[in-house]
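work-v1.csv (CSV, C-alpha atoms) appears below.
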chain,number,residue,atom,x,y,z
A,7,MET,CA,0.0,0.0,0.0
A,8,GLY,CA,1.0,3.6,-0.6
A,9,LYS,CA,2.4,6.1,2.0
A,10,ILE,CA,1.2,9.4,3.5
A,11,VAL,CA,4.0,11.9,3.9
A,12,ALA,CA,3.4,15.1,5.9
A,13,VAL,CA,5.7,18.1,5.4
A,14,HIS,CA,5.9,20.1,8.6
A,15,SER,CA,8.0,22.7,10.4
A,16,TYR,CA,8.1,24.6,13.6
A,17,LYS,CA,8.3,28.0,12.0
A,18,GLY,CA,6.8,29.5,8.9
A,19,GLY,CA,9.0,30.3,5.9
A,20,THR,CA,11.2,27.2,6.2
A,21,GLY,CA,10.3,25.9,2.7
A,22,LYS,CA,7.5,23.4,3.4
A,23,THR,CA,5.5,24.3,0.4
A,24,LEU,CA,8.5,24.4,-1.9
A,25,LEU,CA,9.5,21.0,-0.6
A,26,SER,CA,6.0,19.5,-0.8
A,27,VAL,CA,5.3,20.6,-4.4
A,28,ASN,CA,8.7,19.5,-5.7
A,29,LEU,CA,8.6,16.2,-3.7
A,30,ALA,CA,5.2,15.4,-5.1
A,31,ALA,CA,6.4,16.3,-8.6
A,32,SER,CA,9.4,14.1,-8.1
A,33,PHE,CA,7.3,11.1,-7.0
A,34,ALA,CA,5.2,11.7,-10.2
A,35,LYS,CA,8.3,11.8,-12.3
A,36,ARG,CA,9.2,8.4,-10.9
A,37,GLY,CA,5.9,7.1,-12.3
A,38,LYS,CA,4.0,7.2,-9.1
A,39,LYS,CA,0.4,8.1,-8.6
A,40,VAL,CA,0.5,11.2,-6.3
A,41,CYS,CA,-1.8,13.6,-4.6
A,42,LEU,CA,-0.6,16.9,-3.1
A,43,PHE,CA,-2.8,18.3,-0.3
A,44,ASP,CA,-2.8,21.9,0.9
A,45,LEU,CA,-3.6,21.6,4.6
A,46,ASP,CA,-2.5,25.1,5.5
A,47,PHE,CA,-6.0,26.5,5.8
A,48,ARG,CA,-4.8,29.8,7.4
A,49,ALA,CA,-2.5,30.7,4.5
A,50,PRO,CA,-3.4,28.6,1.4
A,51,SER,CA,-0.8,28.8,-1.3
A,52,LEU,CA,-1.0,25.7,-3.6
A,53,PHE,CA,-3.8,27.3,-5.7
A,54,SER,CA,-1.4,30.1,-6.5
A,55,ILE,CA,1.7,27.9,-7.2
A,56,LEU,CA,-0.3,25.5,-9.3
A,57,LYS,CA,-2.2,28.5,-10.9
A,58,ILE,CA,-5.7,27.1,-10.2
A,59,GLU,CA,-8.2,29.8,-9.5
A,60,ASN,CA,-11.3,27.7,-9.0
A,61,ALA,CA,-12.0,24.2,-7.8
A,62,GLN,CA,-15.3,22.2,-8.0
A,63,CYS,CA,-14.8,21.4,-4.3
A,64,TRP,CA,-12.1,22.5,-1.8
A,65,LEU,CA,-10.5,20.4,0.8
A,66,ASN,CA,-12.4,22.5,3.3
A,67,ASP,CA,-15.6,21.1,1.9
A,68,TYR,CA,-14.4,17.5,2.2
A,69,LEU,CA,-13.4,18.1,5.9
A,70,ASN,CA,-16.8,19.7,6.5
A,71,GLY,CA,-18.4,16.5,5.2
A,72,SER,CA,-20.2,18.3,2.4
A,73,CYS,CA,-18.2,17.0,-0.6
A,74,ASP,CA,-16.8,13.7,-1.7
A,75,ILE,CA,-12.9,13.5,-1.9
A,76,ASN,CA,-13.1,12.7,-5.6
A,77,LYS,CA,-14.7,16.1,-6.3
A,78,VAL,CA,-11.8,17.8,-4.5
A,79,LEU,CA,-9.0,16.1,-6.5
A,80,ILE,CA,-7.8,18.1,-9.5
A,81,ASP,CA,-5.9,16.1,-12.1
A,82,LEU,CA,-2.7,18.0,-12.9
A,83,GLY,CA,-1.7,15.6,-15.7
A,84,GLY,CA,-2.7,18.1,-18.4
A,85,ARG,CA,-0.8,21.0,-16.9
A,86,LEU,CA,2.5,19.2,-15.8
A,87,GLN,CA,4.8,17.0,-17.8
A,88,VAL,CA,5.0,14.0,-15.5
A,89,ASN,CA,5.1,10.2,-16.0
A,90,GLY,CA,2.7,9.2,-13.2
A,91,ASN,CA,-0.6,10.6,-12.2
A,92,PHE,CA,-0.4,13.9,-10.4
A,93,PHE,CA,-3.4,15.3,-8.5
A,94,ALA,CA,-3.9,18.2,-6.0
A,95,ALA,CA,-6.4,18.9,-3.3
A,96,LEU,CA,-6.6,22.6,-2.5
A,97,ALA,CA,-7.4,24.7,0.5
A,98,ASN,CA,-10.0,27.4,-0.2
A,99,PRO,CA,-8.1,30.7,-0.3
A,100,SER,CA,-11.1,33.0,0.2
A,101,THR,CA,-11.0,35.2,3.4
A,102,GLU,CA,-14.4,33.9,4.4
A,103,ALA,CA,-13.1,30.3,4.2
A,104,ILE,CA,-10.0,31.1,6.2
A,105,ARG,CA,-12.1,32.8,8.9
A,106,ASP,CA,-14.5,29.8,8.9
A,107,MET,CA,-11.7,27.3,9.3
A,108,SER,CA,-10.1,29.2,12.2
A,109,GLY,CA,-13.3,29.1,14.2
A,110,LYS,CA,-13.8,25.3,14.2
A,111,ASP,CA,-14.4,23.6,17.6
A,112,ARG,CA,-12.8,20.4,19.0
A,113,LYS,CA,-15.6,18.2,17.9
A,114,TRP,CA,-15.2,19.4,14.3
A,115,GLU,CA,-11.4,18.8,14.5
A,116,MET,CA,-12.0,15.3,15.7
A,117,ARG,CA,-14.3,14.6,12.7
A,118,ALA,CA,-11.7,16.2,10.4
A,119,LEU,CA,-9.1,13.8,11.8
A,120,GLY,CA,-11.4,10.9,11.0
A,121,ARG,CA,-11.9,12.1,7.4
A,122,LEU,CA,-8.1,12.5,6.9
A,123,LEU,CA,-7.5,9.1,8.3
A,124,SER,CA,-10.2,7.6,6.0
A,125,LEU,CA,-8.1,8.8,3.0
A,126,ARG,CA,-5.8,5.8,3.7
A,127,ASN,CA,-8.7,3.6,2.7
A,128,THR,CA,-10.3,5.6,-0.1
A,129,LEU,CA,-7.2,6.9,-1.9
A,130,LEU,CA,-4.3,4.5,-0.9
A,131,LYS,CA,-6.2,1.2,-0.8
A,132,GLU,CA,-9.1,1.6,-3.2
A,133,GLN,CA,-7.7,4.1,-5.7
A,134,LYS,CA,-4.1,2.8,-5.5
A,135,PHE,CA,-2.4,6.1,-4.9
A,136,ASP,CA,1.3,5.6,-4.1
A,137,TYR,CA,1.8,8.8,-2.2
A,138,LEU,CA,-0.3,11.5,-0.5
A,139,VAL,CA,1.9,14.5,0.3
A,140,LEU,CA,0.4,16.8,3.0
A,141,ASP,CA,1.6,20.4,3.0
A,142,THR,CA,0.8,21.5,6.5
A,143,SER,CA,0.7,24.7,8.5
A,144,PRO,CA,3.6,25.4,10.8
A,145,GLY,CA,3.8,24.8,14.5
A,146,LEU,CA,1.4,23.1,16.8
A,147,GLN,CA,-2.2,23.7,15.7
A,148,TYR,CA,-5.0,21.4,14.9
A,149,SER,CA,-4.6,21.1,11.1
A,150,SER,CA,-0.9,20.3,11.3
A,151,ILE,CA,-1.2,17.8,14.2
A,152,ASN,CA,-4.1,16.1,12.4
A,153,SER,CA,-1.8,15.8,9.4
A,154,ILE,CA,1.0,14.4,11.5
A,155,VAL,CA,-1.3,11.8,13.1
A,156,THR,CA,-2.5,10.8,9.6
A,157,ALA,CA,1.0,10.5,8.1
A,158,ASP,CA,3.3,7.5,7.9
A,159,LEU,CA,6.3,9.7,7.6
A,160,VAL,CA,6.9,13.3,8.7
A,161,LEU,CA,9.4,15.4,6.8
A,162,VAL,CA,10.5,18.3,8.9
A,163,ALA,CA,11.8,21.4,7.1
A,164,THR,CA,14.1,23.4,9.3
A,165,THR,CA,16.7,26.1,9.0
A,166,GLY,CA,19.8,27.1,11.0
A,167,ASP,CA,17.9,29.8,12.8
A,168,ARG,CA,18.4,29.4,16.6
A,169,SER,CA,14.7,29.7,17.4
A,170,ASP,CA,13.8,27.2,14.6
A,171,VAL,CA,16.4,24.7,15.9
A,172,ASN,CA,15.1,24.9,19.5
A,173,GLY,CA,11.5,24.7,18.4
A,174,THR,CA,12.1,21.8,16.1
A,175,ARG,CA,14.0,19.9,18.8
A,176,ARG,CA,11.0,20.4,21.2
A,177,MET,CA,8.6,19.3,18.5
A,178,LEU,CA,10.6,16.1,17.9
A,179,GLY,CA,10.5,15.2,21.5
A,180,GLU,CA,7.0,16.4,22.4
A,181,LEU,CA,5.0,15.8,19.2
A,182,TYR,CA,6.4,13.3,16.7
A,183,ASN,CA,7.8,11.0,19.4
A,184,LEU,CA,4.6,10.9,21.3
A,185,PHE,CA,2.7,9.8,18.2
A,186,GLU,CA,5.6,7.3,17.3
A,187,LYS,CA,6.1,8.9,13.9
A,188,LYS,CA,8.9,8.1,11.5
A,189,THR,CA,10.6,11.4,11.0
A,190,GLY,CA,13.2,12.8,8.6
A,191,LEU,CA,14.8,16.2,8.5
A,192,VAL,CA,15.5,18.5,5.6
A,193,LEU,CA,17.8,21.3,6.5
A,194,ASN,CA,17.0,24.3,4.2
A,195,LYS,CA,18.7,27.6,3.4
A,196,VAL,CA,22.1,26.3,4.3
A,197,ILE,CA,24.8,28.9,3.6
A,198,ASP,CA,28.0,27.6,2.0
A,199,PRO,CA,27.7,23.8,2.3
A,200,ILE,CA,29.9,23.4,-0.8
A,201,SER,CA,32.8,21.1,0.2
A,202,LYS,CA,32.1,17.4,0.8
A,203,SER,CA,33.7,17.4,4.2
A,204,LYS,CA,31.6,20.4,5.4
A,205,ARG,CA,28.5,18.5,4.1
A,206,ALA,CA,29.5,15.3,6.0
A,207,ASP,CA,30.1,17.4,9.2
A,208,MET,CA,26.7,18.9,8.9
A,209,TYR,CA,25.0,15.5,8.5
A,210,THR,CA,26.7,14.4,11.8
A,211,LYS,CA,25.9,17.6,13.6
A,212,VAL,CA,22.2,17.4,12.6
A,213,LYS,CA,22.0,13.8,13.6
A,214,ASP,CA,23.5,14.7,17.0
A,215,THR,CA,21.3,17.8,17.5
A,216,TYR,CA,18.0,16.2,16.5
A,217,GLN,CA,18.5,12.5,16.9
A,218,VAL,CA,16.7,11.8,13.6
A,219,PRO,CA,18.1,11.2,10.1
A,220,MET,CA,18.7,14.1,7.8
A,221,LEU,CA,17.2,13.3,4.4
A,222,GLY,CA,18.5,16.4,2.6
A,223,LEU,CA,20.6,19.5,2.9
A,224,VAL,CA,19.4,22.3,0.7
A,225,PRO,CA,21.8,25.2,0.1
A,226,CYS,CA,20.5,28.8,-0.1
A,227,PHE,CA,19.7,29.1,-3.9
A,228,CYS,CA,19.2,32.6,-5.2
A,229,GLU,CA,17.5,31.0,-8.2
A,230,ILE,CA,14.7,29.8,-6.0
A,231,LEU,CA,14.1,33.3,-4.6
A,232,ARG,CA,14.3,34.7,-8.1
A,233,ALA,CA,11.7,32.2,-9.4
A,234,GLU,CA,9.2,33.9,-7.1
A,235,GLY,CA,7.1,30.7,-7.0
A,236,ASN,CA,6.6,30.6,-10.7
A,237,PHE,CA,8.4,27.3,-11.4
A,238,ILE,CA,8.2,23.8,-10.1
A,239,PHE,CA,11.9,23.1,-10.2
A,240,VAL,CA,11.6,19.4,-10.5
A,241,GLN,CA,9.6,19.8,-13.6
A,242,ASP,CA,10.9,23.1,-15.1
A,243,LYS,CA,14.6,22.9,-14.1
A,244,PRO,CA,15.4,19.2,-14.3
A,245,ASN,CA,19.2,19.8,-14.1
A,246,HIS,CA,19.2,22.3,-11.2
A,247,PRO,CA,21.0,21.1,-8.0
A,248,PHE,CA,17.8,21.7,-6.0
A,249,THR,CA,15.9,19.2,-8.3
A,250,LYS,CA,18.7,16.7,-7.7
A,251,ILE,CA,18.4,17.1,-4.0
A,252,VAL,CA,14.6,16.6,-4.0
A,253,ASP,CA,14.9,13.6,-6.4
A,254,GLU,CA,17.3,12.0,-3.9
A,255,ILE,CA,14.9,12.6,-1.0
A,256,ALA,CA,12.1,11.0,-3.1
A,257,ARG,CA,14.4,8.1,-3.9
A,258,LYS,CA,15.2,7.6,-0.2
A,259,ILE,CA,11.5,7.6,0.8
A,260,ASP,CA,10.6,5.3,-2.1
A,261,ALA,CA,13.4,2.9,-1.2
A,262,ASN,CA,12.2,3.0,2.4
A,263,GLU,CA,15.6,4.2,3.6
A,264,VAL,CA,14.2,6.5,6.3
A,265,ASN,CA,14.6,4.8,9.7
Y,23,MET,CA,-32.3,-35.0,40.4
Y,24,THR,CA,-28.5,-35.1,39.7
Y,25,ARG,CA,-26.6,-31.9,39.0
Y,26,GLU,CA,-25.9,-33.1,35.4
Y,27,ARG,CA,-29.6,-33.6,34.7
Y,28,LEU,CA,-30.4,-30.2,36.1
Y,29,LEU,CA,-27.8,-28.5,34.0
Y,30,SER,CA,-28.9,-30.2,30.8
Y,31,LYS,CA,-32.4,-28.8,31.4
Y,32,LYS,CA,-31.2,-25.2,31.7
Y,33,PRO,CA,-32.1,-23.3,28.5
Y,34,LEU,CA,-29.0,-22.3,26.5
Y,35,HIS,CA,-29.9,-18.6,26.5
Y,36,ILE,CA,-29.7,-18.5,30.3
Y,37,LEU,CA,-26.2,-19.9,30.2
Y,38,GLU,CA,-25.2,-17.4,27.5
Y,39,LYS,CA,-26.7,-14.5,29.6
Y,40,ILE,CA,-24.6,-15.6,32.6
Y,41,LYS,CA,-21.5,-15.7,30.5
Y,42,GLU,CA,-22.3,-12.2,29.1
Y,43,ASN,CA,-22.7,-10.9,32.6
Y,44,LEU,CA,-19.5,-12.4,33.7
Y,45,GLU,CA,-17.7,-10.7,30.8
Y,46,ARG,CA,-19.2,-7.4,31.8
Y,47,LEU,CA,-18.1,-8.0,35.4
Y,48,ASN,CA,-14.6,-8.9,34.1
Y,49,ASP,CA,-14.5,-5.6,32.1
Y,50,LYS,CA,-15.4,-3.7,35.3
Y,51,MET,CA,-12.8,-5.6,37.3
Y,52,GLU,CA,-10.1,-4.8,34.7
Y,53,VAL,CA,-10.9,-1.1,35.0
Y,54,MET,CA,-10.8,-1.2,38.8
Y,55,ILE,CA,-7.4,-3.0,38.7
Y,56,GLU,CA,-6.1,-0.3,36.3
Y,57,LEU,CA,-7.4,2.5,38.5
Y,58,GLN,CA,-5.6,1.0,41.5
Y,59,LYS,CA,-2.4,0.7,39.4
Y,60,HIS,CA,-2.3,4.3,38.0
Y,61,GLY,CA,-4.2,6.2,40.7
Y,62,HIS,CA,-7.5,8.0,40.3
Y,63,LYS,CA,-6.3,11.4,39.2
Y,64,GLU,CA,-5.5,10.3,35.6
Y,65,PHE,CA,-9.0,9.1,35.0
Y,66,GLN,CA,-11.4,11.8,35.9
Y,67,PRO,CA,-14.6,11.0,34.0
Y,68,LEU,CA,-15.7,13.7,31.6
Y,69,PRO,CA,-19.0,13.3,29.7
Y,70,ASP,CA,-18.6,13.1,25.9
Y,71,THR,CA,-15.2,14.6,25.5
Y,72,PRO,CA,-14.0,14.8,21.9
Y,73,LEU,CA,-11.1,12.6,21.2
Y,74,ASP,CA,-9.2,15.2,19.2
Y,75,VAL,CA,-5.4,15.5,18.7
Y,76,MET,CA,-4.8,17.9,21.6
Y,77,THR,CA,-6.5,15.3,23.9
Y,78,LEU,CA,-4.4,12.6,22.4
Y,79,LEU,CA,-1.3,14.7,23.1
Y,80,SER,CA,-2.2,15.2,26.8
Y,81,MET,CA,-3.0,11.5,27.5
Y,82,PRO,CA,-0.6,9.2,29.3
Y,83,ASP,CA,1.5,7.1,26.8
Y,84,HIS,CA,-0.2,3.8,27.6
Y,85,LEU,CA,-3.7,5.2,26.8
Y,86,ARG,CA,-2.6,7.2,23.8
Y,87,LYS,CA,-1.5,4.1,22.0
Y,88,THR,CA,-4.9,2.5,22.5
Y,89,ALA,CA,-6.8,5.7,21.6
Y,90,MET,CA,-4.7,6.2,18.4
Y,91,THR,CA,-5.6,2.7,17.2
Y,92,ILE,CA,-9.3,3.4,17.7
Y,93,CYS,CA,-8.9,6.7,15.8
Y,94,ARG,CA,-7.3,4.9,12.9
Y,95,TYR,CA,-9.8,2.1,12.7
Y,96,GLY,CA,-12.9,4.1,13.7
Y,97,ARG,CA,-14.4,1.1,15.5
Y,98,ALA,CA,-12.6,-2.0,17.0
Y,99,THR,CA,-12.8,-4.8,19.6
Y,100,ALA,CA,-10.2,-5.1,22.3
Y,101,ASN,CA,-8.8,-8.1,20.4
Y,102,GLU,CA,-8.3,-6.1,17.2
Y,103,VAL,CA,-6.6,-3.3,19.1
Y,104,ALA,CA,-4.3,-5.8,20.9
Y,105,GLN,CA,-3.3,-7.1,17.5
Y,106,GLN,CA,-2.2,-3.6,16.5
Y,107,THR,CA,-0.4,-2.6,19.7
Y,108,SER,CA,1.1,-6.0,20.4
Y,109,ARG,CA,-0.2,-5.9,24.0
Y,110,ALA,CA,-2.4,-8.4,25.7
Y,111,ARG,CA,-6.1,-8.4,25.0
Y,112,ALA,CA,-6.9,-8.0,28.7
Y,113,VAL,CA,-4.7,-5.0,28.9
Y,114,GLU,CA,-6.3,-3.3,25.9
Y,115,SER,CA,-9.7,-4.2,27.3
Y,116,ALA,CA,-8.9,-2.4,30.5
Y,117,TYR,CA,-7.5,0.7,28.7
Y,118,LEU,CA,-10.5,0.8,26.3
Y,119,ASN,CA,-12.9,0.7,29.3
Y,120,GLN,CA,-10.9,3.5,31.0
Y,121,LEU,CA,-11.3,5.6,27.8
Y,122,VAL,CA,-15.0,4.9,28.0
Y,123,ILE,CA,-15.2,6.0,31.6
Y,124,MET,CA,-13.2,9.2,30.7
Y,125,GLY,CA,-15.8,10.0,28.1
Y,126,TYR,CA,-13.5,9.7,25.0
Y,127,LEU,CA,-14.9,6.5,23.6
Y,128,LYS,CA,-18.3,4.8,23.4
Y,129,LYS,CA,-18.9,1.1,23.8
Y,130,GLU,CA,-21.5,-1.1,22.1
Y,131,ARG,CA,-22.2,-4.7,22.6
Y,132,ILE,CA,-23.3,-6.8,19.6
Y,133,GLY,CA,-23.8,-10.4,20.7
Y,134,ARG,CA,-20.8,-11.4,22.7
Y,135,LYS,CA,-18.5,-8.8,21.1
Y,136,ALA,CA,-17.8,-5.4,22.6
Y,137,TYR,CA,-17.0,-2.7,20.0
Y,138,PHE,CA,-15.3,0.6,21.0
Y,139,TYR,CA,-15.5,3.8,18.9
Y,140,ALA,CA,-15.0,7.5,19.1
Y,141,ASP,CA,-18.4,9.2,18.7
Y,142,ARG,CA,-17.7,11.5,15.7
Y,143,ASP,CA,-21.3,11.8,14.6
Y,144,SER,CA,-23.2,13.2,17.6
Y,145,SER,CA,-23.8,17.0,17.6
Y,146,GLY,CA,-22.1,19.4,20.0
Structure encoded using structure tokens:
Amino acid sequence: MGKIVAVHSYKGGTGKTLLSVNLAASFAKRGKKVCLFDLDFRAPSLFSILKIENAQCWLNDYLNGSCDINKVLIDLGGRLQVNGNFFAALANPSTEAIRDMSGKDRKWEMRALGRLLSLRNTLLKEQKFDYLVLDTSPGLQYSSINSIVTADLVLVATTGDRSDVNGTRRMLGELYNLFEKKTGLVLNKVIDPISKSKRADMYTKVKDTYQVPMLGLVPCFCEILRAEGNFIFVQDKPNHPFTKIVDEIARKIDANEVN
Amino acid sequence: MTRERLLSKKPLHILEKIKENLERLNDKMEVMIELQKHGHKEFQPLPDTPLDVMTLLSMPDHLRKTAMTICRYGRATANEVAQQTSRARAVESAYLNQLVIMGYLKKERIGRKAYFYADRDSSG
């Protein structure tokens, strides 16, 4: 059966969405059937990156119980040049929807967790998806913790920022460990990791600091900033070093090399 | 009349009823044993408390594992939970009954089987 991968972080701006979109595209490039979910209901962004203005149903509607998941899924096959099947489930970006989602009570969140958990059956088991990639909101809030509980693997995007390092360490001990989740770290925006020895040192340092394996080390690429969210690097820049890093992360996950 | 002859005359449904009541009694005993083991303060009963992720986070580890399994399956017996957690059925039965007392789970008996579930459908 397929896997659910949640991409999470302690702080915002660590590169979760960039990683989620490119990881999903990389899985699709490997011939996998993938669906990318925007679970950041407070700041939806996939609609903008994937350039989709309108959806028949939003992920909000599915979690509200008013729409079937198949009406939420948007087939990106026609828009992206990928080998596999690439779908997306988007969060409603309207201000009204954001306001509605932030006012949900605990009972609703419990039902939302039930609906997310049931995707394992409807999408992985029945519709034979290989990967569901969940792009979450940062920190400890309902939608992100619901995603973590649903996932088989949590990919944590982090930076060298002191507050991010401390927060991520706390989350590893007090969130992922409590839910017994398999976790991998992606260190993003690394300045000057050019030499091989420096890179190896960083892998050791990260392993010592966080006690979880590092799946990727992403240098600070000016091209990513310059792209302003207009490219999906894995698809549009196949030879870029960032694409190669994401492809390697996808390969490791696919080969079950995350322990 | 010999004891054997008397027993053979008892209708089957009475024996089944006795067995069912003994099972209920056993469930209650398991809860009482667990309450003695862990102390009462962990298990303050709360009526109909939603089993959301924040609740899961604040639970003691041994109960979280059981509650997570019910969340994943929606509805399960102590035996099914035990298969997932690799703990003994009696242990899971005790933990599940504690979660019922705490108001996080509901329990329904169908025949001889007791099913546990989080009540996601009721309003409120």
Check: which chain A residues lie within 10 Å of chain Y using all atoms listed in the file, as a VMD selection string: chain A and resid 111 to 120 122 to 124 126 146 to 156 180 to 181 184 to 186
How many Å separate atom CA of Y:Val122 from atom CA of Y:Glu102?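 Interatomic distance, atom CA of Y:Val122 to atom CA of Y:Glu102: 16.8 Å.
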Neighbouring residues of A:Lys243 were defined as those with any atom within 12 Å, considering all atoms listed in the file; residues of the same chain fewer than 4 positions away were excluded. Please report them as a VMD selection string. chain A and resid 28 31 to 32 229 to 230 233 236 to 239 247 to 250 252
Taking C-alpha atoms for each residue, export the selection above as a CSV table (one decimal), keeping the file's coordinate frame.
chain,number,residue,atom,x,y,z
A,28,ASN,CA,8.7,19.5,-5.7
A,31,ALA,CA,6.4,16.3,-8.6
A,32,SER,CA,9.4,14.1,-8.1
A,229,GLU,CA,17.5,31.0,-8.2
A,230,ILE,CA,14.7,29.8,-6.0
A,233,ALA,CA,11.7,32.2,-9.4
A,236,ASN,CA,6.6,30.6,-10.7
A,237,PHE,CA,8.4,27.3,-11.4
A,238,ILE,CA,8.2,23.8,-10.1
A,239,PHE,CA,11.9,23.1,-10.2
A,247,PRO,CA,21.0,21.1,-8.0
A,248,PHE,CA,17.8,21.7,-6.0
A,249,THR,CA,15.9,19.2,-8.3
A,250,LYS,CA,18.7,16.7,-7.7
A,252,VAL,CA,14.6,16.6,-4.0
In file coordinates, which residues lie within 10 Å of (-3.1, 25.2, -10.3) using all atoms listed in the file, given as a ChimeraX atom specification? /A:51-61,80-82,85-86,94-96
Just how far from atom CA of A:Gln241 is atom CA of A:Asn76, in Å to one decimal? 25.1 Å
In Å, with one decimal, what is the gap from atom CA of Y:Thr99 to atom CA of Y:Gly125? 17.3 Å
Could you check the closest approach to A:Gly83 for each of A:Ala34, A:Val218, A:Leu65, A:Leu125 and tell me which residue wins, using only C-alpha atoms?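 Of A:Ala34, A:Val218, A:Leu65, A:Leu125, the one nearest A:Gly83, counting only C-alpha atoms, is A:Ala34.
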Selection: 7 Å around stretch 110-121 of chain Y, only C-alpha atoms, excl. self and same-chain fewer than 3 positions, as a list of chain:residue names: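 Answer for this query is Y:Asp49, Y:Glu52, Y:Val53, Y:Glu56, Y:Leu85, Y:Thr88, Y:Ala100, Y:Asn101, Y:Val103, Y:Ala104, Y:Met124, Y:Gly125, Y:Tyr126, Y:Leu127.
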Protein and nucleic acid residues near (-17.8, 23.1, 1.5) (cut-off 12 Å, all atoms listed in the file) as a ChimeraX atom specification: /A:61-75,77-78,96-98,102-103,106-107
Show me, as a CSV table (one decimal) with C-alpha atoms, in the frame of the given file, the residues that have an atom within 12 Å of A:Pro225 when counting only C-alpha atoms, minus same-chain residues fewer than 2 positions from it.
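As a result, part37.csv now contains:
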chain,number,residue,atom,x,y,z
A,21,GLY,CA,10.3,25.9,2.7
A,165,THR,CA,16.7,26.1,9.0
A,166,GLY,CA,19.8,27.1,11.0
A,192,VAL,CA,15.5,18.5,5.6
A,193,LEU,CA,17.8,21.3,6.5
A,194,ASN,CA,17.0,24.3,4.2
A,195,LYS,CA,18.7,27.6,3.4
A,196,VAL,CA,22.1,26.3,4.3
A,197,ILE,CA,24.8,28.9,3.6
A,198,ASP,CA,28.0,27.6,2.0
A,199,PRO,CA,27.7,23.8,2.3
A,200,ILE,CA,29.9,23.4,-0.8
A,201,SER,CA,32.8,21.1,0.2
A,205,ARG,CA,28.5,18.5,4.1
A,208,MET,CA,26.7,18.9,8.9
A,222,GLY,CA,18.5,16.4,2.6
A,223,LEU,CA,20.6,19.5,2.9
A,227,PHE,CA,19.7,29.1,-3.9
A,228,CYS,CA,19.2,32.6,-5.2
A,229,GLU,CA,17.5,31.0,-8.2
A,230,ILE,CA,14.7,29.8,-6.0
A,246,HIS,CA,19.2,22.3,-11.2
A,247,PRO,CA,21.0,21.1,-8.0
A,248,PHE,CA,17.8,21.7,-6.0
A,249,THR,CA,15.9,19.2,-8.3
A,250,LYS,CA,18.7,16.7,-7.7
A,251,ILE,CA,18.4,17.1,-4.0
A,252,VAL,CA,14.6,16.6,-4.0
Rebuild N, CA and C atoms on stretch 119-131 of chain A, as a PDB file, in the coordinates of the input?
ATOM      1  N   LEU A 119     -10.114  14.841  11.660  1.00  0.00           N
ATOM      2  CA  LEU A 119      -9.100  13.800  11.800  1.00  0.00           C
ATOM      3  C   LEU A 119      -9.592  12.483  11.222  1.00  0.00           C
ATOM      4  N   GLY A 120     -10.845  12.158  11.558  1.00  0.00           N
ATOM      5  CA  GLY A 120     -11.400  10.900  11.000  1.00  0.00           C
ATOM      6  C   GLY A 120     -11.484  10.917   9.525  1.00  0.00           C
ATOM      7  N   ARG A 121     -11.807  12.061   8.920  1.00  0.00           N
ATOM      8  CA  ARG A 121     -11.900  12.100   7.400  1.00  0.00           C
ATOM      9  C   ARG A 121     -10.508  12.043   6.821  1.00  0.00           C
ATOM     10  N   LEU A 122      -9.519  12.648   7.478  1.00  0.00           N
ATOM     11  CA  LEU A 122      -8.100  12.500   6.900  1.00  0.00           C
ATOM     12  C   LEU A 122      -7.667  11.096   7.034  1.00  0.00           C
ATOM     13  N   LEU A 123      -7.960  10.456   8.177  1.00  0.00           N
ATOM     14  CA  LEU A 123      -7.500   9.100   8.300  1.00  0.00           C
ATOM     15  C   LEU A 123      -8.214   8.138   7.334  1.00  0.00           C
ATOM     16  N   SER A 124      -9.448   8.490   6.951  1.00  0.00           N
ATOM     17  CA  SER A 124     -10.200   7.600   6.000  1.00  0.00           C
ATOM     18  C   SER A 124      -9.598   7.709   4.582  1.00  0.00           C
ATOM     19  N   LEU A 125      -8.740   8.720   4.324  1.00  0.00           N
ATOM     20  CA  LEU A 125      -8.100   8.800   3.000  1.00  0.00           C
ATOM     21  C   LEU A 125      -7.200   7.624   2.725  1.00  0.00           C
ATOM     22  N   ARG A 126      -6.680   7.047   3.807  1.00  0.00           N
ATOM     23  CA  ARG A 126      -5.800   5.800   3.700  1.00  0.00           C
ATOM     24  C   ARG A 126      -6.616   4.754   2.939  1.00  0.00           C
ATOM     25  N   ASN A 127      -7.874   4.619   3.320  1.00  0.00           N
ATOM     26  CA  ASN A 127      -8.700   3.600   2.700  1.00  0.00           C
ATOM     27  C   ASN A 127      -9.160   4.002   1.299  1.00  0.00           C
ATOM     28  N   THR A 128      -9.714   5.225   1.180  1.00  0.00           N
ATOM     29  CA  THR A 128     -10.300   5.600  -0.100  1.00  0.00           C
ATOM     30  C   THR A 128      -9.225   5.881  -1.180  1.00  0.00           C
ATOM     31  N   LEU A 129      -8.147   6.539  -0.822  1.00  0.00           N
ATOM     32  CA  LEU A 129      -7.200   6.900  -1.900  1.00  0.00           C
ATOM     33  C   LEU A 129      -6.025   5.855  -1.973  1.00  0.00           C
ATOM     34  N   LEU A 130      -5.450   5.455  -0.832  1.00  0.00           N
ATOM     35  CA  LEU A 130      -4.300   4.500  -0.900  1.00  0.00           C
ATOM     36  C   LEU A 130      -4.789   3.102  -1.291  1.00  0.00           C
ATOM     37  N   LYS A 131      -5.816   2.626  -0.573  1.00  0.00           N
ATOM     38  CA  LYS A 131      -6.200   1.200  -0.800  1.00  0.00           C
ATOM     39  C   LYS A 131      -7.104   1.059  -2.006  1.00  0.00           C
TER      40      LYS A 131
END
